[in-house]
file run-v7.txt (compact mmCIF, C-alpha atoms)
# COMPACT_ATOMS: atom_id res chain seq x y z
CA MET A 1 9.78 -59.70 -50.03
CA CYS A 2 9.81 -63.14 -48.41
CA GLY A 3 13.42 -64.26 -47.85
CA GLN A 4 12.55 -67.94 -48.34
CA CYS A 5 10.44 -68.14 -51.49
CA GLY A 6 10.98 -64.66 -52.93
CA CYS A 7 7.26 -63.82 -53.14
CA GLU A 8 6.05 -60.29 -52.48
CA GLN A 9 4.65 -59.69 -48.98
CA PRO A 10 2.37 -56.72 -48.30
CA PRO A 11 3.92 -53.89 -46.24
CA ALA A 12 3.15 -53.79 -42.50
CA PRO A 13 0.48 -51.42 -41.20
CA GLN A 14 1.44 -49.21 -38.25
CA ARG A 15 1.74 -51.81 -35.50
CA LEU A 16 3.37 -49.70 -32.82
CA GLU A 17 0.97 -46.83 -33.42
CA LEU A 18 -2.03 -49.14 -32.93
CA HIS A 19 -0.61 -50.63 -29.71
CA GLN A 20 0.03 -47.17 -28.27
CA TRP A 21 -3.42 -45.97 -29.31
CA LEU A 22 -5.13 -48.96 -27.67
CA LEU A 23 -3.22 -48.50 -24.40
CA SER A 24 -3.69 -44.75 -24.32
CA ARG A 25 -7.43 -45.10 -24.98
CA ASN A 26 -7.57 -47.74 -22.26
CA ASP A 27 -5.69 -45.57 -19.75
CA HIS A 28 -8.13 -42.75 -20.39
CA GLN A 29 -11.14 -44.99 -19.69
CA ALA A 30 -9.38 -46.51 -16.65
CA ALA A 31 -9.01 -43.04 -15.11
CA HIS A 32 -12.78 -42.57 -15.51
CA ASN A 33 -13.41 -45.99 -13.93
CA ARG A 34 -11.16 -45.16 -10.96
CA ALA A 35 -13.00 -41.91 -10.30
CA HIS A 36 -16.33 -43.72 -10.73
CA PHE A 37 -15.44 -46.49 -8.25
CA ARG A 38 -14.22 -43.92 -5.71
CA SER A 39 -17.36 -41.82 -6.03
CA HIS A 40 -19.30 -44.95 -4.98
CA GLY A 41 -17.01 -45.51 -1.96
CA LEU A 42 -15.63 -48.74 -3.41
CA ARG A 43 -12.29 -50.37 -2.76
CA SER A 44 -11.39 -51.95 -6.10
CA VAL A 45 -9.14 -54.90 -6.90
CA ASN A 46 -8.00 -56.44 -10.20
CA LEU A 47 -7.58 -60.20 -9.62
CA LEU A 48 -5.18 -61.93 -12.03
CA SER A 49 -3.83 -65.45 -12.50
CA ALA A 50 -3.40 -68.39 -14.85
CA PRO A 51 -6.51 -70.43 -15.70
CA GLY A 52 -7.53 -72.72 -12.85
CA SER A 53 -5.50 -71.07 -10.06
CA GLY A 54 -8.61 -70.74 -7.92
CA LYS A 55 -9.63 -67.09 -8.40
CA THR A 56 -13.34 -67.90 -8.30
CA ALA A 57 -13.01 -70.23 -5.31
CA LEU A 58 -11.15 -67.45 -3.50
CA LEU A 59 -13.95 -65.01 -4.29
CA GLU A 60 -16.60 -67.47 -3.11
CA GLN A 61 -14.86 -67.56 0.27
CA LEU A 62 -14.49 -63.79 0.27
CA ALA A 63 -18.18 -63.32 -0.56
CA ARG A 64 -19.09 -65.43 2.49
CA ARG A 65 -16.57 -63.89 4.89
CA TRP A 66 -16.33 -60.20 3.96
CA PRO A 67 -17.33 -58.24 7.09
CA ARG A 68 -19.76 -55.98 5.22
CA PRO A 69 -21.48 -58.10 2.56
CA PRO A 70 -22.32 -58.22 -0.25
CA ILE A 71 -19.17 -57.85 -2.32
CA GLY A 72 -19.39 -56.95 -6.00
CA VAL A 73 -17.61 -58.93 -8.69
CA ILE A 74 -17.12 -58.22 -12.39
CA VAL A 75 -15.86 -61.47 -13.88
CA GLY A 76 -14.29 -61.98 -17.30
CA ASP A 77 -14.18 -65.20 -19.30
CA LEU A 78 -13.98 -65.94 -22.98
CA ALA A 79 -17.16 -68.03 -22.73
CA THR A 80 -19.81 -69.25 -20.23
CA ASP A 81 -21.31 -67.47 -17.21
CA ASN A 82 -20.31 -70.30 -14.84
CA ASP A 83 -18.28 -68.02 -12.59
CA ALA A 84 -20.95 -65.33 -12.15
CA ARG A 85 -23.45 -68.03 -11.21
CA ARG A 86 -21.05 -69.58 -8.68
CA LEU A 87 -20.39 -66.16 -7.14
CA GLN A 88 -24.07 -65.23 -6.94
CA ALA A 89 -24.74 -68.53 -5.18
CA ALA A 90 -22.07 -67.52 -2.64
CA GLY A 91 -23.86 -64.23 -1.97
CA ALA A 92 -21.88 -61.85 -4.21
CA ARG A 93 -23.43 -59.46 -6.69
CA ALA A 94 -21.75 -60.57 -9.90
CA VAL A 95 -21.79 -59.45 -13.53
CA GLN A 96 -20.25 -61.70 -16.19
CA ILE A 97 -18.29 -60.32 -19.15
CA ARG A 98 -17.91 -62.78 -22.03
CA THR A 99 -14.94 -61.59 -24.05
CA GLY A 100 -15.31 -63.97 -27.02
CA ASP A 101 -11.74 -64.33 -28.23
CA LEU A 102 -10.27 -61.41 -26.28
CA CYS A 103 -7.45 -62.53 -23.97
CA HIS A 104 -7.85 -59.81 -21.30
CA LEU A 105 -10.34 -57.38 -19.83
CA ASP A 106 -10.04 -53.73 -20.76
CA ALA A 107 -11.33 -50.61 -19.06
CA ALA A 108 -14.21 -50.11 -21.52
CA LEU A 109 -15.57 -53.63 -20.91
CA VAL A 110 -15.36 -53.05 -17.16
CA ASP A 111 -17.16 -49.71 -17.50
CA GLN A 112 -20.04 -51.38 -19.36
CA ALA A 113 -20.29 -54.18 -16.77
CA PHE A 114 -20.10 -51.74 -13.85
CA ALA A 115 -23.20 -49.97 -15.20
CA GLN A 116 -25.11 -53.23 -14.62
CA LEU A 117 -23.96 -53.64 -11.01
CA ASP A 118 -26.12 -52.43 -8.15
CA CYS A 119 -23.43 -51.15 -5.79
CA ARG A 120 -25.64 -49.69 -3.07
CA GLY A 121 -24.43 -50.76 0.37
CA MET A 122 -21.28 -52.27 -1.10
CA ASP A 123 -17.68 -51.30 -0.33
CA LEU A 124 -15.59 -53.90 -2.18
CA LEU A 125 -15.45 -54.49 -5.94
CA VAL A 126 -13.28 -57.25 -7.36
CA ILE A 127 -12.65 -57.55 -11.08
CA GLU A 128 -11.77 -61.17 -11.86
CA ASN A 129 -9.71 -61.00 -15.05
CA VAL A 130 -9.47 -63.61 -17.82
CA GLY A 131 -7.18 -66.47 -16.76
CA ASN A 132 -3.93 -65.44 -18.44
CA LEU A 133 -0.50 -64.58 -17.00
CA VAL A 134 0.53 -62.32 -19.87
CA CYS A 135 -1.95 -60.09 -21.67
CA PRO A 136 -4.00 -58.60 -18.80
CA THR A 137 -0.83 -57.05 -17.33
CA ALA A 138 -0.75 -54.04 -19.65
CA PHE A 139 -4.40 -53.07 -19.17
CA ASP A 140 -5.26 -50.79 -16.26
CA LEU A 141 -8.96 -51.34 -15.44
CA GLY A 142 -9.21 -48.44 -12.99
CA GLU A 143 -8.48 -50.64 -9.96
CA GLU A 144 -6.76 -49.36 -6.82
CA ARG A 145 -4.81 -52.55 -6.26
CA ARG A 146 -3.74 -55.64 -8.14
CA LEU A 147 -3.86 -59.08 -6.58
CA ALA A 148 -2.13 -61.95 -8.39
CA VAL A 149 -2.74 -65.62 -7.59
CA LEU A 150 -0.20 -68.42 -7.97
CA ALA A 151 -1.34 -71.97 -7.23
CA VAL A 152 1.20 -74.37 -5.71
CA THR A 153 0.24 -76.85 -8.46
CA GLU A 154 1.69 -74.49 -11.11
CA GLY A 155 5.25 -74.74 -9.88
CA GLU A 156 7.73 -72.51 -8.10
CA ASP A 157 9.21 -70.84 -11.19
CA LYS A 158 6.15 -69.09 -12.59
CA PRO A 159 7.10 -65.66 -11.14
CA LEU A 160 10.42 -65.93 -13.02
CA LYS A 161 8.73 -67.03 -16.24
CA TYR A 162 5.91 -64.43 -16.20
CA PRO A 163 7.67 -61.56 -14.42
CA ALA A 164 5.69 -58.56 -15.71
CA LEU A 165 2.43 -59.63 -14.10
CA PHE A 166 4.01 -60.35 -10.70
CA LYS A 167 6.01 -57.10 -10.83
CA SER A 168 2.73 -55.20 -11.29
CA ALA A 169 0.98 -56.82 -8.30
CA ASP A 170 0.38 -55.15 -4.92
CA ALA A 171 -0.10 -58.57 -3.36
CA VAL A 172 0.31 -62.21 -4.36
CA VAL A 173 -1.78 -65.09 -3.03
CA VAL A 174 -0.08 -68.49 -3.02
CA ASN A 175 -3.18 -70.66 -3.29
CA LYS A 176 -3.99 -74.38 -2.91
CA SER A 177 -1.67 -74.65 0.09
CA ASP A 178 -3.58 -77.84 1.03
CA LEU A 179 -1.98 -79.49 -2.05
CA ALA A 180 1.59 -78.33 -1.34
CA GLU A 181 2.73 -81.66 0.02
CA ALA A 182 1.03 -83.72 -2.69
CA VAL A 183 2.89 -81.80 -5.43
CA ASP A 184 6.24 -81.53 -3.59
CA PHE A 185 5.90 -77.74 -3.64
CA ASP A 186 9.23 -76.10 -2.81
CA ARG A 187 7.87 -73.32 -0.61
CA ARG A 188 11.26 -71.75 0.05
CA ALA A 189 12.11 -71.50 -3.67
CA ALA A 190 8.67 -70.13 -4.54
CA PHE A 191 8.82 -67.37 -1.93
CA ALA A 192 12.42 -66.53 -2.86
CA ASN A 193 11.33 -66.18 -6.49
CA LEU A 194 8.38 -64.00 -5.52
CA ARG A 195 10.54 -61.78 -3.32
CA ALA A 196 13.12 -61.42 -6.10
CA ILE A 197 10.60 -60.55 -8.82
CA ALA A 198 7.97 -58.74 -6.78
CA PRO A 199 9.64 -57.23 -3.68
CA GLN A 200 6.82 -54.67 -3.50
CA ALA A 201 4.11 -57.27 -3.05
CA GLU A 202 2.48 -58.49 0.16
CA LEU A 203 2.49 -62.30 0.18
CA PHE A 204 -0.35 -64.51 1.44
CA GLU A 205 -0.42 -68.28 1.61
CA LEU A 206 -3.85 -69.87 1.80
CA SER A 207 -6.25 -72.52 0.64
CA ALA A 208 -9.33 -71.12 -1.04
CA ARG A 209 -10.87 -74.57 -0.82
CA SER A 210 -10.63 -74.92 2.96
CA GLY A 211 -10.57 -71.21 3.76
CA SER A 212 -7.37 -71.64 5.78
CA GLY A 213 -5.21 -68.51 5.76
CA LEU A 214 -7.93 -66.28 4.35
CA ASP A 215 -8.20 -63.92 7.33
CA ALA A 216 -4.89 -62.17 6.63
CA LEU A 217 -5.96 -61.46 3.06
CA ILE A 218 -9.32 -60.09 4.22
CA GLN A 219 -7.48 -57.83 6.65
CA TRP A 220 -5.26 -56.54 3.85
CA LEU A 221 -8.24 -55.91 1.58
CA ASP A 222 -10.08 -54.19 4.41
CA GLY A 223 -7.11 -51.95 5.14
CA GLN A 224 -7.19 -50.43 1.66
CA SER A 225 -8.15 -46.80 1.39
CA SER A 226 -11.50 -46.32 -0.32
CA MET B 227 -14.87 -37.77 -28.57
CA CYS B 228 -14.94 -39.34 -25.10
CA GLY B 229 -18.56 -39.85 -24.01
CA GLN B 230 -17.72 -39.31 -20.34
CA CYS B 231 -15.58 -36.19 -20.15
CA GLY B 232 -16.08 -34.77 -23.63
CA CYS B 233 -12.35 -34.63 -24.45
CA GLU B 234 -11.11 -35.33 -27.96
CA GLN B 235 -9.74 -38.84 -28.51
CA PRO B 236 -7.43 -39.58 -31.46
CA PRO B 237 -8.96 -41.64 -34.27
CA ALA B 238 -8.23 -45.38 -34.35
CA PRO B 239 -5.56 -46.77 -36.67
CA GLN B 240 -6.55 -49.74 -38.83
CA ARG B 241 -6.91 -52.45 -36.22
CA LEU B 242 -8.55 -55.15 -38.32
CA GLU B 243 -6.11 -54.60 -41.17
CA LEU B 244 -3.13 -55.10 -38.83
CA HIS B 245 -4.60 -58.27 -37.34
CA GLN B 246 -5.22 -59.74 -40.78
CA TRP B 247 -1.74 -58.75 -41.95
CA LEU B 248 -0.08 -60.38 -38.94
CA LEU B 249 -2.00 -63.63 -39.37
CA SER B 250 -1.48 -63.74 -43.13
CA ARG B 251 2.26 -63.12 -42.74
CA ASN B 252 2.35 -65.83 -40.06
CA ASP B 253 0.45 -68.33 -42.23
CA HIS B 254 2.93 -67.75 -45.03
CA GLN B 255 5.91 -68.45 -42.75
CA ALA B 256 4.09 -71.45 -41.22
CA ALA B 257 3.77 -73.03 -44.67
CA HIS B 258 7.55 -72.68 -45.10
CA ASN B 259 8.12 -74.23 -41.68
CA ARG B 260 5.84 -77.17 -42.49
CA ALA B 261 7.74 -77.89 -45.71
CA HIS B 262 11.04 -77.47 -43.87
CA PHE B 263 10.08 -79.92 -41.08
CA ARG B 264 8.87 -82.47 -43.65
CA SER B 265 12.02 -82.21 -45.69
CA HIS B 266 13.93 -83.24 -42.55
CA GLY B 267 11.59 -86.22 -41.99
CA LEU B 268 10.20 -84.74 -38.78
CA ARG B 269 6.83 -85.33 -37.18
CA SER B 270 5.94 -81.97 -35.64
CA VAL B 271 3.67 -81.12 -32.74
CA ASN B 272 2.54 -77.79 -31.24
CA LEU B 273 2.07 -78.33 -27.48
CA LEU B 274 -0.32 -75.89 -25.79
CA SER B 275 -1.71 -75.36 -22.31
CA ALA B 276 -2.14 -72.97 -19.39
CA PRO B 277 0.96 -72.14 -17.31
CA GLY B 278 1.92 -74.98 -14.99
CA SER B 279 -0.13 -77.75 -16.62
CA GLY B 280 2.95 -79.94 -16.91
CA LYS B 281 4.03 -79.51 -20.54
CA THR B 282 7.72 -79.64 -19.70
CA ALA B 283 7.34 -82.60 -17.33
CA LEU B 284 5.49 -84.42 -20.13
CA LEU B 285 8.34 -83.69 -22.54
CA GLU B 286 10.94 -84.86 -20.04
CA GLN B 287 9.16 -88.23 -19.94
CA LEU B 288 8.84 -88.25 -23.71
CA ALA B 289 12.54 -87.48 -24.15
CA ARG B 290 13.37 -90.52 -22.00
CA ARG B 291 10.86 -92.90 -23.54
CA TRP B 292 10.69 -92.00 -27.24
CA PRO B 293 11.67 -95.17 -29.18
CA ARG B 294 14.15 -93.34 -31.43
CA PRO B 295 15.87 -90.68 -29.30
CA PRO B 296 16.74 -87.87 -29.19
CA ILE B 297 13.61 -85.78 -29.61
CA GLY B 298 13.88 -82.11 -30.55
CA VAL B 299 12.10 -79.38 -28.61
CA ILE B 300 11.67 -75.69 -29.36
CA VAL B 301 10.39 -74.15 -26.15
CA GLY B 302 8.85 -70.71 -25.68
CA ASP B 303 8.70 -68.68 -22.48
CA LEU B 304 8.55 -64.98 -21.77
CA ALA B 305 11.71 -65.27 -19.66
CA THR B 306 14.30 -67.80 -18.38
CA ASP B 307 15.81 -70.83 -20.11
CA ASN B 308 14.74 -73.17 -17.27
CA ASP B 309 12.71 -75.40 -19.57
CA ALA B 310 15.41 -75.90 -22.21
CA ARG B 311 17.88 -76.85 -19.48
CA ARG B 312 15.43 -79.34 -17.93
CA LEU B 313 14.79 -80.90 -21.34
CA GLN B 314 18.48 -81.14 -22.22
CA ALA B 315 19.09 -82.89 -18.90
CA ALA B 316 16.40 -85.41 -19.91
CA GLY B 317 18.21 -86.10 -23.18
CA ALA B 318 16.30 -83.88 -25.61
CA ARG B 319 17.90 -81.44 -28.01
CA ALA B 320 16.23 -78.20 -26.93
CA VAL B 321 16.33 -74.59 -28.09
CA GLN B 322 14.79 -71.89 -25.88
CA ILE B 323 12.90 -68.92 -27.31
CA ARG B 324 12.50 -66.02 -24.88
CA THR B 325 9.57 -63.98 -26.14
CA GLY B 326 9.96 -60.98 -23.78
CA ASP B 327 6.39 -59.75 -23.46
CA LEU B 328 4.93 -61.69 -26.39
CA CYS B 329 2.08 -63.97 -25.28
CA HIS B 330 2.47 -66.66 -27.97
CA LEU B 331 4.98 -68.17 -30.37
CA ASP B 332 4.72 -67.28 -34.03
CA ALA B 333 6.04 -69.02 -37.12
CA ALA B 334 8.96 -66.60 -37.60
CA LEU B 335 10.26 -67.18 -34.06
CA VAL B 336 10.02 -70.94 -34.61
CA ASP B 337 11.85 -70.65 -37.93
CA GLN B 338 14.74 -68.81 -36.23
CA ALA B 339 14.92 -71.38 -33.42
CA PHE B 340 14.74 -74.31 -35.83
CA ALA B 341 17.87 -73.03 -37.56
CA GLN B 342 19.75 -73.60 -34.27
CA LEU B 343 18.55 -77.18 -33.85
CA ASP B 344 20.70 -80.08 -35.00
CA CYS B 345 17.99 -82.41 -36.30
CA ARG B 346 20.18 -85.17 -37.71
CA GLY B 347 18.91 -88.60 -36.63
CA MET B 348 15.78 -87.07 -35.16
CA ASP B 349 12.19 -87.81 -36.16
CA LEU B 350 10.08 -85.91 -33.61
CA LEU B 351 9.97 -82.15 -33.06
CA VAL B 352 7.77 -80.68 -30.33
CA ILE B 353 7.19 -76.96 -30.08
CA GLU B 354 6.27 -76.12 -26.48
CA ASN B 355 4.26 -72.92 -26.69
CA VAL B 356 4.01 -70.11 -24.12
CA GLY B 357 1.67 -71.12 -21.28
CA ASN B 358 -1.54 -69.41 -22.37
CA LEU B 359 -4.97 -70.84 -23.24
CA VAL B 360 -5.94 -67.96 -25.53
CA CYS B 361 -3.41 -66.22 -27.76
CA PRO B 362 -1.39 -69.13 -29.20
CA THR B 363 -4.55 -70.59 -30.77
CA ALA B 364 -4.58 -68.29 -33.83
CA PHE B 365 -0.91 -68.82 -34.74
CA ASP B 366 -0.05 -71.76 -36.99
CA LEU B 367 3.62 -72.62 -36.37
CA GLY B 368 3.89 -75.09 -39.24
CA GLU B 369 3.11 -78.09 -37.02
CA GLU B 370 1.37 -81.21 -38.29
CA ARG B 371 -0.62 -81.73 -35.12
CA ARG B 372 -1.71 -79.82 -32.06
CA LEU B 373 -1.66 -81.33 -28.62
CA ALA B 374 -3.41 -79.48 -25.77
CA VAL B 375 -2.85 -80.25 -22.10
CA LEU B 376 -5.41 -79.81 -19.34
CA ALA B 377 -4.33 -80.53 -15.75
CA VAL B 378 -6.92 -82.00 -13.38
CA THR B 379 -5.96 -79.24 -10.92
CA GLU B 380 -7.34 -76.60 -13.31
CA GLY B 381 -10.94 -77.77 -13.10
CA GLU B 382 -13.39 -79.56 -15.35
CA ASP B 383 -14.82 -76.47 -17.05
CA LYS B 384 -11.71 -75.12 -18.78
CA PRO B 385 -12.64 -76.59 -22.20
CA LEU B 386 -15.94 -74.67 -21.99
CA LYS B 387 -14.24 -71.46 -20.89
CA TYR B 388 -11.39 -71.55 -23.45
CA PRO B 389 -13.13 -73.34 -26.34
CA ALA B 390 -11.10 -72.10 -29.32
CA LEU B 391 -7.87 -73.74 -28.20
CA PHE B 392 -9.49 -77.12 -27.48
CA LYS B 393 -11.45 -76.99 -30.75
CA SER B 394 -8.15 -76.58 -32.62
CA ALA B 395 -6.45 -79.59 -30.94
CA ASP B 396 -5.88 -82.98 -32.59
CA ALA B 397 -5.46 -84.51 -29.14
CA VAL B 398 -5.89 -83.47 -25.52
CA VAL B 399 -3.86 -84.81 -22.60
CA VAL B 400 -5.59 -84.75 -19.22
CA ASN B 401 -2.52 -84.51 -17.01
CA LYS B 402 -1.76 -84.85 -13.29
CA SER B 403 -4.11 -87.83 -13.00
CA ASP B 404 -2.26 -88.75 -9.79
CA LEU B 405 -3.84 -85.65 -8.18
CA ALA B 406 -7.40 -86.32 -9.39
CA GLU B 407 -8.60 -87.64 -6.05
CA ALA B 408 -6.89 -84.92 -4.00
CA VAL B 409 -8.70 -82.19 -5.96
CA ASP B 410 -12.07 -83.98 -6.26
CA PHE B 411 -11.68 -83.98 -10.05
CA ASP B 412 -14.99 -84.80 -11.71
CA ARG B 413 -13.63 -87.04 -14.46
CA ARG B 414 -17.01 -87.68 -16.06
CA ALA B 415 -17.81 -83.95 -16.36
CA ALA B 416 -14.34 -83.12 -17.70
CA PHE B 417 -14.49 -85.77 -20.43
CA ALA B 418 -18.07 -84.80 -21.32
CA ASN B 419 -16.94 -81.17 -21.69
CA LEU B 420 -13.97 -82.22 -23.82
CA ARG B 421 -16.13 -84.41 -26.05
CA ALA B 422 -18.68 -81.61 -26.47
CA ILE B 423 -16.11 -78.91 -27.32
CA ALA B 424 -13.48 -81.01 -29.10
CA PRO B 425 -15.17 -84.09 -30.60
CA GLN B 426 -12.32 -84.34 -33.14
CA ALA B 427 -9.65 -84.80 -30.48
CA GLU B 428 -8.07 -88.00 -29.21
CA LEU B 429 -8.12 -87.99 -25.41
CA PHE B 430 -5.33 -89.27 -23.16
CA GLU B 431 -5.30 -89.39 -19.38
CA LEU B 432 -1.91 -89.61 -17.75
CA SER B 433 0.48 -88.46 -15.07
CA ALA B 434 3.60 -86.82 -16.46
CA ARG B 435 5.10 -87.03 -12.98
CA SER B 436 4.80 -90.81 -12.60
CA GLY B 437 4.77 -91.64 -16.31
CA SER B 438 1.55 -93.62 -15.90
CA GLY B 439 -0.58 -93.60 -19.06
CA LEU B 440 2.20 -92.23 -21.26
CA ASP B 441 2.46 -95.25 -23.59
CA ALA B 442 -0.82 -94.52 -25.38
CA LEU B 443 0.30 -90.97 -26.11
CA ILE B 444 3.66 -92.18 -27.44
CA GLN B 445 1.83 -94.62 -29.69
CA TRP B 446 -0.36 -91.80 -31.03
CA LEU B 447 2.67 -89.57 -31.65
CA ASP B 448 4.50 -92.42 -33.33
CA GLY B 449 1.53 -93.16 -35.59
CA GLN B 450 1.66 -89.70 -37.16
CA SER B 451 2.63 -89.46 -40.76
CA SER B 452 6.00 -87.81 -41.22
call {"tool": "encode", "arguments": {"input": "run-v7.txt", "output": "structure tokens"}}
result
Amino acid sequence: MCGQCGCEQPPAPQRLELHQWLLSRNDHQAAHNRAHFRSHGLRSVNLLSAPGSGKTALLEQLARRWPRPPIGVIVGDLATDNDARRLQAAGARAVQIRTGDLCHLDAALVDQAFAQLDCRGMDLLVIENVGNLVCPTAFDLGEERRLAVLAVTEGEDKPLKYPALFKSADAVVVNKSDLAEAVDFDRRAAFANLRAIAPQAELFELSARSGSGLDALIQWLDGQSS
Amino acid sequence: MCGQCGCEQPPAPQRLELHQWLLSRNDHQAAHNRAHFRSHGLRSVNLLSAPGSGKTALLEQLARRWPRPPIGVIVGDLATDNDARRLQAAGARAVQIRTGDLCHLDAALVDQAFAQLDCRGMDLLVIENVGNLVCPTAFDLGEERRLAVLAVTEGEDKPLKYPALFKSADAVVVNKSDLAEAVDFDRRAAFANLRAIAPQAELFELSARSGSGLDALIQWLDGQSS
């Protein structure tokens, strides 16, 4: 019964059960994806950030600079295929997933997209998630590593405010370093926050726009076991 | 049965039924909130954007410049009470909701927070949602109007890539106008995208950091019926 107007409210369906079922089904598919990526000799990365942090610009640079091109990208957005087209123009093989109103990629969507990707002669697959600092965190896509991006324009406190995502990352890119001065970015506070929340993560500071600082990230990606 | 390894998968609980139940329960509470806000003579606004678009900076300016201070703010974040403290320092009455791992505010959380807000002598209530361009869209909080924020640093195509949120907005603020030149912001493309996706919305261009352009927004907020 509603405590404010006294009307009858219908009883709740099994919310927890559904959540657990979704995650367990996803984990099962993610294990298949992981085996599938490995059987193709692919390093695989799940790339996560807020909207507009520069994930696609970072991948454009990576597509041009990866030592053994082309790279493969599966890219998720609610709508448009803008990102896949940008990445193809940069030399990547890219497949777009349009999620409609879904706020994250899941392992089944990635499996379907992977079937459309020609991965011959390719050793790096990046899955560019929907721009969202919350929901993608819980969904394993079968990736080997997670890479989170934080733009200096978003502010120093985002790792504290969205801790789960940063805690789950193997590395964090601090992007748009060319704008740090213009936005009075407090570099010391940002890195202290990242080290407090995500002590496990490698940290990279770069500008995807200029390409400055990208080499260290490429080295880290290249050092992954396949 | 799993199509890849042949193992048995448990059957799905009622996913659609749960989603409908959650939204219908939320809509019911939102109607109570709306009546509650009105009975206190409050204009109410749901403020939505991606993380780091400058919602809190905008509210700090608003707290200082609103013609009949103080303003009230209910602010949602997964973690920390940084934003409530910033807003209180700017003169607002602010209540922080920490959602844990929840990716959006809902009407019940807002109802609980509103009970903690002293709204005597106040005529404007802003609910600052969790930074997320997807999930908050479906949840009516009982607000009269929705205000979306897009920062120039996020790129011109975000209205196309996250259409549902912009379609639901009564007004859109294009923020961080002081950085437009530094990021090569294509103003014409951004406004064309906004007009195509959200023809119903009033558009404001401003810098929450400098305060430039804020007067037109204050006028719009002040013109709302209470």
call {"tool": "interface_residues", "arguments": {"input": "run-v7.txt", "of": "chain B", "to": "chain A", "cutoff": "8 Å", "atoms": "only C-alpha atoms", "output": "VMD selection string"}}
result
chain B and resid 230 235 to 236 238 to 241 243 to 244 247 251 258 276 to 279 303 to 306 327 to 329 358 to 361 379 to 381 384 386 to 390 405 408
call {"tool": "write_last_selection", "arguments": {"input": "run-v7.txt", "atoms": "C-alpha atoms", "output": "PDB file, in the frame of the given file"}}
result
ATOM      1  CA  GLN B 230     -17.720 -39.310 -20.340  1.00  0.00           C
ATOM      2  CA  GLN B 235      -9.740 -38.840 -28.510  1.00  0.00           C
ATOM      3  CA  PRO B 236      -7.430 -39.580 -31.460  1.00  0.00           C
ATOM      4  CA  ALA B 238      -8.230 -45.380 -34.350  1.00  0.00           C
ATOM      5  CA  PRO B 239      -5.560 -46.770 -36.670  1.00  0.00           C
ATOM      6  CA  GLN B 240      -6.550 -49.740 -38.830  1.00  0.00           C
ATOM      7  CA  ARG B 241      -6.910 -52.450 -36.220  1.00  0.00           C
ATOM      8  CA  GLU B 243      -6.110 -54.600 -41.170  1.00  0.00           C
ATOM      9  CA  LEU B 244      -3.130 -55.100 -38.830  1.00  0.00           C
ATOM     10  CA  TRP B 247      -1.740 -58.750 -41.950  1.00  0.00           C
ATOM     11  CA  ARG B 251       2.260 -63.120 -42.740  1.00  0.00           C
ATOM     12  CA  HIS B 258       7.550 -72.680 -45.100  1.00  0.00           C
ATOM     13  CA  ALA B 276      -2.140 -72.970 -19.390  1.00  0.00           C
ATOM     14  CA  PRO B 277       0.960 -72.140 -17.310  1.00  0.00           C
ATOM     15  CA  GLY B 278       1.920 -74.980 -14.990  1.00  0.00           C
ATOM     16  CA  SER B 279      -0.130 -77.750 -16.620  1.00  0.00           C
ATOM     17  CA  ASP B 303       8.700 -68.680 -22.480  1.00  0.00           C
ATOM     18  CA  LEU B 304       8.550 -64.980 -21.770  1.00  0.00           C
ATOM     19  CA  ALA B 305      11.710 -65.270 -19.660  1.00  0.00           C
ATOM     20  CA  THR B 306      14.300 -67.800 -18.380  1.00  0.00           C
ATOM     21  CA  ASP B 327       6.390 -59.750 -23.460  1.00  0.00           C
ATOM     22  CA  LEU B 328       4.930 -61.690 -26.390  1.00  0.00           C
ATOM     23  CA  CYS B 329       2.080 -63.970 -25.280  1.00  0.00           C
ATOM     24  CA  ASN B 358      -1.540 -69.410 -22.370  1.00  0.00           C
ATOM     25  CA  LEU B 359      -4.970 -70.840 -23.240  1.00  0.00           C
ATOM     26  CA  VAL B 360      -5.940 -67.960 -25.530  1.00  0.00           C
ATOM     27  CA  CYS B 361      -3.410 -66.220 -27.760  1.00  0.00           C
ATOM     28  CA  THR B 379      -5.960 -79.240 -10.920  1.00  0.00           C
ATOM     29  CA  GLU B 380      -7.340 -76.600 -13.310  1.00  0.00           C
ATOM     30  CA  GLY B 381     -10.940 -77.770 -13.100  1.00  0.00           C
ATOM     31  CA  LYS B 384     -11.710 -75.120 -18.780  1.00  0.00           C
ATOM     32  CA  LEU B 386     -15.940 -74.670 -21.990  1.00  0.00           C
ATOM     33  CA  LYS B 387     -14.240 -71.460 -20.890  1.00  0.00           C
ATOM     34  CA  TYR B 388     -11.390 -71.550 -23.450  1.00  0.00           C
ATOM     35  CA  PRO B 389     -13.130 -73.340 -26.340  1.00  0.00           C
ATOM     36  CA  ALA B 390     -11.100 -72.100 -29.320  1.00  0.00           C
ATOM     37  CA  LEU B 405      -3.840 -85.650  -8.180  1.00  0.00           C
ATOM     38  CA  ALA B 408      -6.890 -84.920  -4.000  1.00  0.00           C
TER      39      ALA B 408
END
call {"tool": "closest_residue", "arguments": {"input": "run-v7.txt", "among": "B:Arg319, B:Arg346, B:Arg413, B:Arg312", "to": "His266 (chain B)", "atoms": "only C-alpha atoms"}}
result
B:Arg346
call {"tool": "atom_distance", "arguments": {"input": "run-v7.txt", "atom1": "CA of Met348 (chain B)", "atom2": "CA of Arg291 (chain B)"}}
result
13.9 Å
call {"tool": "residues_around", "arguments": {"input": "run-v7.txt", "residues": "Asn129 (chain A)", "least_positions_apart": "4", "cutoff": "6 Å", "atoms": "only C-alpha atoms", "output": "PDB file with C-alpha atoms, in the frame of the given file"}}
result
ATOM      1  CA  LEU A  47      -7.580 -60.200  -9.620  1.00  0.00           C
ATOM      2  CA  LEU A  48      -5.180 -61.930 -12.030  1.00  0.00           C
ATOM      3  CA  GLY A  76     -14.290 -61.980 -17.300  1.00  0.00           C
TER       4      GLY A  76
END
